[in-house]
Amino acid sequence: MKHYDEQTWSLYINERLLPNEISEMELHLYRCNDCLTRYMICMEQMALTLPTMEIDERTYVDAVLTRTLGTKRSWYHSTMLHYGIAAAATLILVATGFFHGLSQELGPQGALQPAPPSAIKIDQPISDQLLNKTLTWLDTLQNK
Ligand SMILES: [Zn+2]
């Protein structure tokens, strides 16, 4: 199987690739946990470098939500988009301490600390739970 490096995932996140490359990579993301991990790390690094995040996180999150809720058709037509947004939202919410209470419920293992990207531990059960939590949260917003 052909894999993609972090640089390519950055291009992917910035949509600096041809449409057919983007869809190929989307498909690959479904099947490859290694690349999903690289993708998540890239997202995290992007989130850290985005100036808007430093200025006003709430505005940024609101903008993302407004955009997603405003394009319901493509939202429903793209599970991958749904997943990508949920992953991004998860990272943002983790970064803003949204899951702090949840982490405490999960015990010491789930106590997520802000860490440099190289030290990010993709702890499968915990991240799955966080992601599911975010998906549920997004679904709730969607159904309002
Ligand atoms: Zn791969």
# chains A, B, ... in the order shown; residues from 1 in each chain; ligands from 1
$ closest_atom_pairs --of "chain A" --to "ligand 1" --cutoff "12 Å" --atoms "only C-alpha atoms and all ligand atoms" --output "CSV"
residue,atom,partner,partner_atom_place_in_ligand_line,distance
A:Met1,CA,ligand 1,1 (Zn),6.9
A:Lys2,CA,ligand 1,1 (Zn),6.3
A:His3,CA,ligand 1,1 (Zn),3.8
A:Tyr4,CA,ligand 1,1 (Zn),5.9
A:Asp5,CA,ligand 1,1 (Zn),8.4
A:Glu6,CA,ligand 1,1 (Zn),10.7
A:Thr8,CA,ligand 1,1 (Zn),11.4
A:Trp9,CA,ligand 1,1 (Zn),10.7
A:Glu24,CA,ligand 1,1 (Zn),11.2
A:Met25,CA,ligand 1,1 (Zn),8.8
A:Glu26,CA,ligand 1,1 (Zn),10.7
A:Leu27,CA,ligand 1,1 (Zn),10.1
A:His28,CA,ligand 1,1 (Zn),6.4
A:Leu29,CA,ligand 1,1 (Zn),7.0
A:Tyr30,CA,ligand 1,1 (Zn),9.4
A:Arg31,CA,ligand 1,1 (Zn),7.6
A:Cys32,CA,ligand 1,1 (Zn),4.7
A:Asn33,CA,ligand 1,1 (Zn),6.9
A:Asp34,CA,ligand 1,1 (Zn),5.5
A:Cys35,CA,ligand 1,1 (Zn),4.3
A:Leu36,CA,ligand 1,1 (Zn),7.4
A:Thr37,CA,ligand 1,1 (Zn),9.3
A:Arg38,CA,ligand 1,1 (Zn),8.8
A:Tyr39,CA,ligand 1,1 (Zn),9.9
$ residues_around --residues "Ser23 of chain A" --least-positions-apart "5" --cutoff "12 Å" --atoms "only C-alpha atoms" --output "JSON, numbers by chain"
{"A": [12, 15, 17, 18, 28, 29, 30, 78, 80, 81]}
$ write_last_selection --atoms "N, CA and C atoms" --output "CSV table (one decimal), in the first residue's frame"
chain,number,residue,atom,x,y,z
A,12,TYR,N,-2.6,18.3,1.9
A,12,TYR,CA,-4.0,17.8,1.8
A,12,TYR,C,-4.9,18.7,2.7
A,15,GLU,N,-5.6,21.8,1.2
A,15,GLU,CA,-6.3,21.7,-0.2
A,15,GLU,C,-5.4,22.2,-1.3
A,17,LEU,N,-3.8,20.2,-3.4
A,17,LEU,CA,-3.6,19.1,-4.2
A,17,LEU,C,-4.7,19.0,-5.2
A,18,LEU,N,-4.5,18.2,-6.2
A,18,LEU,CA,-5.5,18.0,-7.3
A,18,LEU,C,-6.7,17.3,-6.6
A,28,HIS,N,-7.7,6.5,1.4
A,28,HIS,CA,-6.6,5.9,2.1
A,28,HIS,C,-6.7,6.1,3.6
A,29,LEU,N,-7.2,7.2,4.0
A,29,LEU,CA,-7.3,7.6,5.4
A,29,LEU,C,-8.3,6.6,6.1
A,30,TYR,N,-9.3,6.1,5.4
A,30,TYR,CA,-10.2,5.2,5.9
A,30,TYR,C,-9.6,3.9,6.3
A,78,SER,N,-20.7,13.6,2.7
A,78,SER,CA,-19.3,13.3,2.9
A,78,SER,C,-19.0,12.8,4.4
A,80,MET,N,-16.4,11.5,5.3
A,80,MET,CA,-15.0,11.8,5.6
A,80,MET,C,-14.9,13.3,6.1
A,81,LEU,N,-15.7,14.2,5.5
A,81,LEU,CA,-15.7,15.5,6.0
A,81,LEU,C,-16.2,15.6,7.5
$ closest_residue --among "A:Gln45, A:Thr90, A:Glu21, A:Val61" --to "Thr136 of chain A" --atoms "only C-alpha atoms"
A:Thr90
$ atom_distance --atom1 "atom CA of Ile92 of chain A" --atom2 "atom CA of Leu65 of chain A"
12.5 Å
$ closest_residue --among "A:Leu141, A:Met46, A:Leu11, A:Leu130" --to "Leu93 of chain A" --atoms "only C-alpha atoms"
A:Leu130
$ decode --residues "segment 19-38 of chain A" --atoms "N, CA and C atoms" --output "mmCIF file, in the first residue's frame"
data_model
loop_
_atom_site.group_PDB
_atom_site.id
_atom_site.type_symbol
_atom_site.label_atom_id
_atom_site.label_comp_id
_atom_site.auth_asym_id
_atom_site.auth_seq_id
_atom_site.Cartn_x
_atom_site.Cartn_y
_atom_site.Cartn_z
ATOM 1 N N PRO A 19 -7.952 17.555 -7.113
ATOM 2 C CA PRO A 19 -9.143 16.906 -6.536
ATOM 3 C C PRO A 19 -9.045 15.382 -6.503
ATOM 4 N N ASN A 20 -8.489 14.778 -7.558
ATOM 5 C CA ASN A 20 -8.421 13.316 -7.561
ATOM 6 C C ASN A 20 -7.407 12.804 -6.537
ATOM 7 N N GLU A 21 -6.344 13.581 -6.279
ATOM 8 C CA GLU A 21 -5.390 13.197 -5.238
ATOM 9 C C GLU A 21 -6.061 13.272 -3.870
ATOM 10 N N ILE A 22 -6.847 14.324 -3.673
ATOM 11 C CA ILE A 22 -7.537 14.499 -2.396
ATOM 12 C C ILE A 22 -8.482 13.329 -2.140
ATOM 13 N N SER A 23 -9.235 12.911 -3.160
ATOM 14 C CA SER A 23 -10.160 11.797 -2.919
ATOM 15 C C SER A 23 -9.403 10.482 -2.705
ATOM 16 N N GLU A 24 -8.287 10.315 -3.401
ATOM 17 C CA GLU A 24 -7.466 9.121 -3.153
ATOM 18 C C GLU A 24 -7.000 9.066 -1.709
ATOM 19 N N MET A 25 -6.562 10.225 -1.226
ATOM 20 C CA MET A 25 -6.045 10.289 0.137
ATOM 21 C C MET A 25 -7.160 10.084 1.157
ATOM 22 N N GLU A 26 -8.342 10.585 0.836
ATOM 23 C CA GLU A 26 -9.493 10.374 1.724
ATOM 24 C C GLU A 26 -9.771 8.884 1.885
ATOM 25 N N LEU A 27 -9.765 8.182 0.749
ATOM 26 C CA LEU A 27 -10.001 6.740 0.774
ATOM 27 C C LEU A 27 -8.924 6.040 1.592
ATOM 28 N N HIS A 28 -7.682 6.476 1.392
ATOM 29 C CA HIS A 28 -6.564 5.863 2.099
ATOM 30 C C HIS A 28 -6.710 6.070 3.611
ATOM 31 N N LEU A 29 -7.184 7.244 3.972
ATOM 32 C CA LEU A 29 -7.343 7.593 5.384
ATOM 33 C C LEU A 29 -8.303 6.627 6.092
ATOM 34 N N TYR A 30 -9.286 6.133 5.355
ATOM 35 C CA TYR A 30 -10.237 5.166 5.908
ATOM 36 C C TYR A 30 -9.551 3.868 6.305
ATOM 37 N N ARG A 31 -8.548 3.498 5.495
ATOM 38 C CA ARG A 31 -7.998 2.157 5.621
ATOM 39 C C ARG A 31 -6.687 2.100 6.384
ATOM 40 N N CYS A 32 -6.030 3.254 6.568
ATOM 41 C CA CYS A 32 -4.669 3.214 7.102
ATOM 42 C C CYS A 32 -4.577 3.998 8.410
ATOM 43 N N ASN A 33 -4.349 3.255 9.490
ATOM 44 C CA ASN A 33 -4.245 3.900 10.798
ATOM 45 C C ASN A 33 -2.978 4.736 10.926
ATOM 46 N N ASP A 34 -1.895 4.281 10.291
ATOM 47 C CA ASP A 34 -0.632 5.033 10.350
ATOM 48 C C ASP A 34 -0.809 6.419 9.761
ATOM 49 N N CYS A 35 -1.444 6.464 8.585
ATOM 50 C CA CYS A 35 -1.629 7.747 7.925
ATOM 51 C C CYS A 35 -2.652 8.597 8.669
ATOM 52 N N LEU A 36 -3.632 7.948 9.280
ATOM 53 C CA LEU A 36 -4.601 8.690 10.085
ATOM 54 C C LEU A 36 -3.887 9.390 11.237
ATOM 55 N N THR A 37 -2.948 8.662 11.856
ATOM 56 C CA THR A 37 -2.160 9.248 12.945
ATOM 57 C C THR A 37 -1.365 10.445 12.446
ATOM 58 N N ARG A 38 -0.699 10.281 11.283
ATOM 59 C CA ARG A 38 0.080 11.387 10.714
ATOM 60 C C ARG A 38 -0.832 12.576 10.406
#
